[in-house]
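Structure data (mmCIF, C-alpha atoms and all ligand atoms) from start35.cif:
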```cif
data_final
#
loop_
_atom_site.group_PDB
_atom_site.id
_atom_site.type_symbol
_atom_site.label_atom_id
_atom_site.label_comp_id
_atom_site.auth_asym_id
_atom_site.auth_seq_id
_atom_site.Cartn_x
_atom_site.Cartn_y
_atom_site.Cartn_z
ATOM 1 C CA MET V 1179 0.000 0.000 0.000
ATOM 2 C CA LEU V 1180 2.767 2.363 1.013
ATOM 3 C CA ALA V 1181 4.736 1.417 -2.103
ATOM 4 C CA ARG V 1182 1.687 2.120 -4.308
ATOM 5 C CA SER V 1183 1.112 5.601 -2.878
ATOM 6 C CA ALA V 1184 4.817 6.366 -3.218
ATOM 7 C CA LEU V 1185 4.613 5.339 -6.883
ATOM 8 C CA PHE V 1186 1.517 7.523 -7.386
ATOM 9 C CA LEU V 1187 3.313 10.481 -5.798
ATOM 10 C CA ALA V 1188 6.374 9.931 -7.978
ATOM 11 C CA GLU V 1189 4.244 9.738 -11.150
ATOM 12 C CA SER V 1190 2.082 12.743 -10.315
ATOM 13 C CA SER V 1191 5.092 14.917 -9.510
ATOM 14 C CA VAL V 1192 6.666 14.410 -12.971
ATOM 15 C CA THR V 1193 6.225 17.625 -14.959
ATOM 16 C CA PRO V 1194 4.769 16.916 -18.417
ATOM 17 C CA PRO V 1195 6.775 18.270 -21.363
ATOM 18 C CA LEU V 1196 5.497 21.714 -22.395
ATOM 19 C CA ILE V 1197 4.331 22.310 -25.970
ATOM 20 C CA VAL V 1198 3.873 25.961 -26.887
ATOM 21 C CA VAL V 1199 1.122 26.514 -29.460
ATOM 22 C CA LEU V 1200 1.489 29.865 -31.202
ATOM 23 C CA ASN V 1201 -1.091 31.502 -33.450
ATOM 24 C CA GLY V 1202 -0.425 34.478 -35.682
ATOM 25 C CA PRO V 1203 -2.504 37.374 -36.955
ATOM 26 C CA ASN V 1204 -6.265 37.192 -37.489
ATOM 27 C CA LEU V 1205 -6.586 33.748 -35.925
ATOM 28 C CA ASN V 1206 -8.412 35.457 -33.036
ATOM 29 C CA MET V 1207 -11.172 35.926 -35.660
ATOM 30 C CA LEU V 1208 -11.639 32.182 -36.235
ATOM 31 C CA GLY V 1209 -15.295 31.229 -36.286
ATOM 32 C CA VAL V 1210 -16.399 34.483 -37.899
ATOM 33 C CA ARG V 1211 -13.572 34.951 -40.383
ATOM 34 C CA GLU V 1212 -14.301 33.548 -43.889
ATOM 35 C CA PRO V 1213 -15.993 30.427 -42.399
ATOM 36 C CA GLU V 1214 -16.214 28.815 -45.855
ATOM 37 C CA LYS V 1215 -12.383 28.588 -45.757
ATOM 38 C CA TYR V 1216 -11.481 28.459 -42.067
ATOM 39 C CA GLY V 1217 -14.578 26.721 -40.661
ATOM 40 C CA THR V 1218 -16.760 27.715 -37.733
ATOM 41 C CA ALA V 1219 -14.600 26.601 -34.793
ATOM 42 C CA THR V 1220 -13.357 29.496 -32.670
ATOM 43 C CA LEU V 1221 -9.819 29.882 -31.330
ATOM 44 C CA ASP V 1222 -11.169 28.856 -27.906
ATOM 45 C CA ASP V 1223 -12.407 25.629 -29.533
ATOM 46 C CA VAL V 1224 -8.931 25.091 -31.001
ATOM 47 C CA GLU V 1225 -7.345 25.654 -27.582
ATOM 48 C CA ALA V 1226 -9.727 23.096 -26.022
ATOM 49 C CA LEU V 1227 -8.864 20.595 -28.790
ATOM 50 C CA CYS V 1228 -5.131 21.127 -28.216
ATOM 51 C CA ALA V 1229 -5.505 20.800 -24.423
ATOM 52 C CA GLU V 1230 -7.530 17.600 -24.742
ATOM 53 C CA THR V 1231 -5.088 16.047 -27.221
ATOM 54 C CA ALA V 1232 -2.052 17.134 -25.215
ATOM 55 C CA GLU V 1233 -3.465 15.586 -22.056
ATOM 56 C CA ALA V 1234 -4.094 12.298 -23.868
ATOM 57 C CA PHE V 1235 -0.401 12.221 -24.827
ATOM 58 C CA GLY V 1236 0.948 13.333 -21.440
ATOM 59 C CA LEU V 1237 1.880 16.827 -22.603
ATOM 60 C CA ALA V 1238 1.143 20.277 -21.183
ATOM 61 C CA ILE V 1239 0.364 23.282 -23.385
ATOM 62 C CA ASP V 1240 0.766 27.024 -23.403
ATOM 63 C CA PHE V 1241 -1.621 28.300 -26.102
ATOM 64 C CA ARG V 1242 -1.287 31.887 -27.393
ATOM 65 C CA GLN V 1243 -2.341 34.203 -30.210
ATOM 66 C CA THR V 1244 -0.949 37.554 -31.302
ATOM 67 C CA ASN V 1245 -1.423 39.950 -34.175
ATOM 68 C CA SER V 1246 2.109 41.271 -33.728
ATOM 69 C CA GLU V 1247 5.232 39.890 -35.407
ATOM 70 C CA GLY V 1248 7.566 41.145 -32.649
ATOM 71 C CA GLU V 1249 5.518 39.444 -29.964
ATOM 72 C CA LEU V 1250 5.606 36.201 -31.944
ATOM 73 C CA VAL V 1251 9.417 36.449 -32.174
ATOM 74 C CA THR V 1252 9.703 37.101 -28.412
ATOM 75 C CA TRP V 1253 7.414 34.179 -27.559
ATOM 76 C CA VAL V 1254 9.438 31.851 -29.800
ATOM 77 C CA GLN V 1255 12.695 32.992 -28.165
ATOM 78 C CA GLU V 1256 11.212 32.371 -24.704
ATOM 79 C CA CYS V 1257 10.654 28.712 -25.634
ATOM 80 C CA ARG V 1258 14.380 27.991 -25.437
ATOM 81 C CA GLY V 1259 15.055 26.037 -22.271
ATOM 82 C CA ARG V 1260 11.363 26.181 -21.317
ATOM 83 C CA ALA V 1261 9.459 24.181 -23.938
ATOM 84 C CA ALA V 1262 9.910 20.739 -25.479
ATOM 85 C CA GLY V 1263 8.401 21.769 -28.826
ATOM 86 C CA ILE V 1264 6.519 24.432 -30.759
ATOM 87 C CA ILE V 1265 3.370 24.132 -32.849
ATOM 88 C CA ILE V 1266 2.851 27.287 -34.860
ATOM 89 C CA ASN V 1267 0.247 28.635 -37.238
ATOM 90 C CA PRO V 1268 2.091 31.746 -38.407
ATOM 91 C CA ALA V 1269 -0.941 32.817 -40.497
ATOM 92 C CA GLY V 1270 -0.135 35.984 -42.476
ATOM 93 C CA TYR V 1271 3.520 35.956 -41.308
ATOM 94 C CA THR V 1272 4.104 32.616 -43.051
ATOM 95 C CA THR V 1273 5.008 34.244 -46.332
ATOM 96 C CA THR V 1274 6.827 37.314 -45.001
ATOM 97 C CA SER V 1275 8.622 36.720 -41.719
ATOM 98 C CA ILE V 1276 12.332 36.016 -41.869
ATOM 99 C CA ALA V 1277 12.354 37.171 -38.205
ATOM 100 C CA VAL V 1278 9.981 34.407 -37.038
ATOM 101 C CA MET V 1279 11.915 31.836 -39.124
ATOM 102 C CA ASP V 1280 15.225 32.969 -37.556
ATOM 103 C CA ALA V 1281 13.755 32.792 -34.042
ATOM 104 C CA LEU V 1282 12.503 29.239 -34.677
ATOM 105 C CA LEU V 1283 15.946 28.227 -35.970
ATOM 106 C CA ALA V 1284 17.574 29.819 -32.909
ATOM 107 C CA VAL V 1285 15.597 27.882 -30.301
ATOM 108 C CA ASP V 1286 16.620 24.484 -31.659
ATOM 109 C CA LEU V 1287 13.372 22.640 -30.836
ATOM 110 C CA PRO V 1288 11.015 20.414 -32.832
ATOM 111 C CA VAL V 1289 8.644 22.710 -34.727
ATOM 112 C CA ILE V 1290 5.395 21.767 -36.474
ATOM 113 C CA GLU V 1291 3.841 24.350 -38.798
ATOM 114 C CA VAL V 1292 0.057 24.164 -39.117
ATOM 115 C CA HIS V 1293 -2.293 25.817 -41.593
ATOM 116 C CA ILE V 1294 -6.026 25.272 -41.407
ATOM 117 C CA THR V 1295 -6.421 25.657 -45.162
ATOM 118 C CA ASN V 1296 -4.433 24.019 -47.946
ATOM 119 C CA ILE V 1297 -2.211 27.005 -48.743
ATOM 120 C CA HIS V 1298 -1.039 25.274 -51.960
ATOM 121 C CA ARG V 1299 -4.564 25.291 -53.418
ATOM 122 C CA ARG V 1300 -4.952 28.974 -52.684
ATOM 123 C CA GLU V 1301 -3.446 32.144 -54.164
ATOM 124 C CA GLU V 1302 0.151 31.851 -55.408
ATOM 125 C CA PHE V 1303 1.396 34.339 -52.776
ATOM 126 C CA ARG V 1304 0.393 31.915 -50.005
ATOM 127 C CA HIS V 1305 2.472 29.034 -51.363
ATOM 128 C CA HIS V 1306 5.915 30.025 -50.125
ATOM 129 C CA SER V 1307 6.565 29.652 -46.397
ATOM 130 C CA TYR V 1308 9.667 31.016 -44.674
ATOM 131 C CA ILE V 1309 8.508 29.112 -41.589
ATOM 132 C CA SER V 1310 8.839 25.744 -43.368
ATOM 133 C CA LYS V 1311 12.618 26.330 -43.496
ATOM 134 C CA ALA V 1312 12.602 25.990 -39.698
ATOM 135 C CA ALA V 1313 9.871 23.360 -39.370
ATOM 136 C CA THR V 1314 10.337 19.677 -38.639
ATOM 137 C CA GLY V 1315 6.994 19.037 -40.349
ATOM 138 C CA VAL V 1316 4.058 20.848 -41.915
ATOM 139 C CA ILE V 1317 0.330 20.065 -41.767
ATOM 140 C CA CYS V 1318 -2.081 21.987 -43.959
ATOM 141 C CA GLY V 1319 -5.558 21.692 -45.407
ATOM 142 C CA LEU V 1320 -7.135 19.490 -42.734
ATOM 143 C CA GLY V 1321 -9.024 22.213 -40.917
ATOM 144 C CA VAL V 1322 -8.530 22.760 -37.200
ATOM 145 C CA ALA V 1323 -8.052 18.985 -36.803
ATOM 146 C CA GLY V 1324 -4.530 19.729 -38.068
ATOM 147 C CA TYR V 1325 -3.680 21.091 -34.600
ATOM 148 C CA ALA V 1326 -4.631 17.773 -32.960
ATOM 149 C CA LEU V 1327 -2.617 15.871 -35.583
ATOM 150 C CA ALA V 1328 0.331 18.162 -34.924
ATOM 151 C CA MET V 1329 0.057 17.497 -31.172
ATOM 152 C CA ARG V 1330 0.058 13.754 -31.816
ATOM 153 C CA ALA V 1331 3.148 14.040 -34.045
ATOM 154 C CA MET V 1332 4.807 16.308 -31.480
ATOM 155 C CA ALA V 1333 4.340 13.651 -28.775
ATOM 156 C CA ASP V 1334 6.436 11.275 -30.928
ATOM 157 C CA LEU V 1335 9.102 13.902 -31.612
ATOM 158 C CA VAL V 1336 9.408 14.754 -27.909
ATOM 159 C CA GLU V 1337 9.676 11.074 -27.017
ATOM 160 C CA GLN V 1338 12.436 10.606 -29.613
ATOM 161 C CA ASP V 1339 14.269 13.634 -28.163
ATOM 162 C CA GLU V 1340 14.091 12.118 -24.683
ATOM 163 C CA GLU V 1341 15.645 8.797 -25.796
HETATM 164 C C1 LIG V 1401 -4.089 31.393 -41.994
HETATM 165 C C2 LIG V 1401 -3.956 32.666 -42.465
HETATM 166 O O1 LIG V 1401 -4.326 33.707 -41.718
HETATM 167 C C3 LIG V 1401 -3.445 32.940 -43.812
HETATM 168 O O2 LIG V 1401 -2.705 34.149 -43.848
HETATM 169 C C4 LIG V 1401 -2.611 31.805 -44.370
HETATM 170 C C5 LIG V 1401 -3.546 30.232 -42.723
HETATM 171 C C6 LIG V 1401 -3.344 30.480 -44.194
HETATM 172 C C7 LIG V 1401 -4.316 28.959 -42.399
HETATM 173 O O3 LIG V 1401 -4.772 28.278 -43.325
HETATM 174 O O4 LIG V 1401 -4.445 28.628 -41.227
HETATM 175 O O5 LIG V 1401 -2.333 32.032 -45.726
#
```

So, in terms of structure tokens, how does the structure I just supplied come out?
Amino acid sequence: MLARSALFLAESSVTPPLIVVLNGPNLNMLGVREPEKYGTATLDDVEALCAETAEAFGLAIDFRQTNSEGELVTWVQECRGRAAGIIINPAGYTTTSIAVMDALLAVDLPVIEVHITNIHRREEFRHHSYISKAATGVICGLGVAGYALAMRAMADLVEQDEE
């Protein structure tokens, strides 16, 4: 009995690896923004999906959204030494931000880039991603379910890193 409670205490005191989920500009408008492309789920729904999936895989999350490129860069930098991985939907900064790409390269963590829509079926200007240069993997076109798939893939990457 004593041994079992000691085991429970040991297991419950292990801190789960932290996955930081970052969302770029206009993703705060999910649910009302062009629903025919982005769907009707809100960003709160996406956070709940990420939290649920993370918990199932023994991960913790810090879920954030910003409309500002500088804030995104700062949040990425803060992941170094704090997080086990980054899931990022850079939204409008995908095609423009060398600064976010450089920050992701600097933190030296597994990175999964997510887009709700299939950017390759959309306008030409959405096809090129600076962020992909720093990403371990990319998921696009699967709606908000892509975040849950990214979390699942991240669990594997984190486990590999721990081995
Ligand atoms: C979201 C955006 O805001 C766009 O700028 C990208 C991406 C596509 C998405 O599909 O999640 O081009």

Quick one: pull the distance between atom CA of V:Val1192 and atom CA of V:Ala1234, Å, one decimal.
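According to the coordinates, atom CA of V:Val1192 and atom CA of V:Ala1234 are separated by 15.5 Å.
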
In terms of all atoms listed in the file, the residue from V:Ile1266, V:Ile1197, V:Ala1313, V:Cys1257 at minimal distance from V:Leu1237 is V:Ile1197

Near-ligand residues for ligand LIG 1401 (chain V), threshold 7 Å, all atoms listed in the file, as a PyMOL selection string
chain V and resi 1203-1205+1216+1267+1269-1272+1292-1297+1304+1318-1319

Which residue is closest to V:Leu1208? Choose from V:Ala1281, V:Glu1225, V:Thr1274, V:Pro1194 and count all atoms listed in the file.
V:Glu1225

Selected by the PyMOL selection byres (((chain V and resi 1283) around 12) and not hetatm) in the shown coordinates: which residues, as a compact mmCIF listing (two decimals) with C-alpha atoms, in the coordinates of the input?
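Output saved as result14.txt:
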```txt
# COMPACT_ATOMS: atom_id res chain seq x y z
CA VAL V 1251 9.42 36.45 -32.17
CA VAL V 1254 9.44 31.85 -29.80
CA GLN V 1255 12.70 32.99 -28.16
CA CYS V 1257 10.65 28.71 -25.63
CA ARG V 1258 14.38 27.99 -25.44
CA ILE V 1264 6.52 24.43 -30.76
CA ILE V 1276 12.33 36.02 -41.87
CA ALA V 1277 12.35 37.17 -38.20
CA VAL V 1278 9.98 34.41 -37.04
CA MET V 1279 11.92 31.84 -39.12
CA ASP V 1280 15.22 32.97 -37.56
CA ALA V 1281 13.76 32.79 -34.04
CA LEU V 1282 12.50 29.24 -34.68
CA ALA V 1284 17.57 29.82 -32.91
CA VAL V 1285 15.60 27.88 -30.30
CA ASP V 1286 16.62 24.48 -31.66
CA LEU V 1287 13.37 22.64 -30.84
CA PRO V 1288 11.02 20.41 -32.83
CA VAL V 1289 8.64 22.71 -34.73
CA TYR V 1308 9.67 31.02 -44.67
CA ILE V 1309 8.51 29.11 -41.59
CA SER V 1310 8.84 25.74 -43.37
CA LYS V 1311 12.62 26.33 -43.50
CA ALA V 1312 12.60 25.99 -39.70
CA ALA V 1313 9.87 23.36 -39.37
CA THR V 1314 10.34 19.68 -38.64
```

For V:Gln1338, the nearest of the candidates V:Gly1263, V:Gly1248, V:Pro1268, V:Pro1213, counting all atoms listed in the file:
V:Gly1263

Let me know the residues the PyMOL selection byres (((chain V and resi 1228) around 8) and not hetatm) catches in the file above, as a ChimeraX atom specification.
/V:1224-1227,1229-1232,1239,1325-1326,1329

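With all atoms listed in the file as the atoms that count, the minimum distance from V:Glu1214 to the choices V:Gly1315, V:His1306, V:Ala1333, V:Gly1321 is reached by V:Gly1321.
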
Figure out the distance between atom CA of V:Arg1211 and atom CA of V:Leu1320, please, to one decimal in Å.
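Computed distance, atom CA of V:Leu1320 to atom CA of V:Arg1211, equals 16.9 Å.
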
Just how far from atom CA of V:Ile1317 is atom CA of V:Thr1193, in Å to one decimal?
27.6 Å

Set the distance at 6 Å and use all atoms listed in the file: which residues neighbour V:Gly1209 once local chain neighbours fewer than 3 positions away are removed? I'd like the list as a list in words.
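My list of contacting residues is Thr1218, Ala1219 and Thr1220 of chain V.
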
From V:His1305, V:Pro1195, V:Gly1202, V:Leu1327, residue lying nearest V:Leu1250 [all atoms listed in the file]
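Closest residue, counting all atoms listed in the file: V:Gly1202.
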
Determine the nearest neighbour of V:Asn1201 from the options V:Glu1233, V:Phe1241, V:Asp1223, V:Lys1215, counting only C-alpha atoms.
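Once distances to V:Asn1201 are computed over only C-alpha atoms, the minimum belongs to V:Phe1241.
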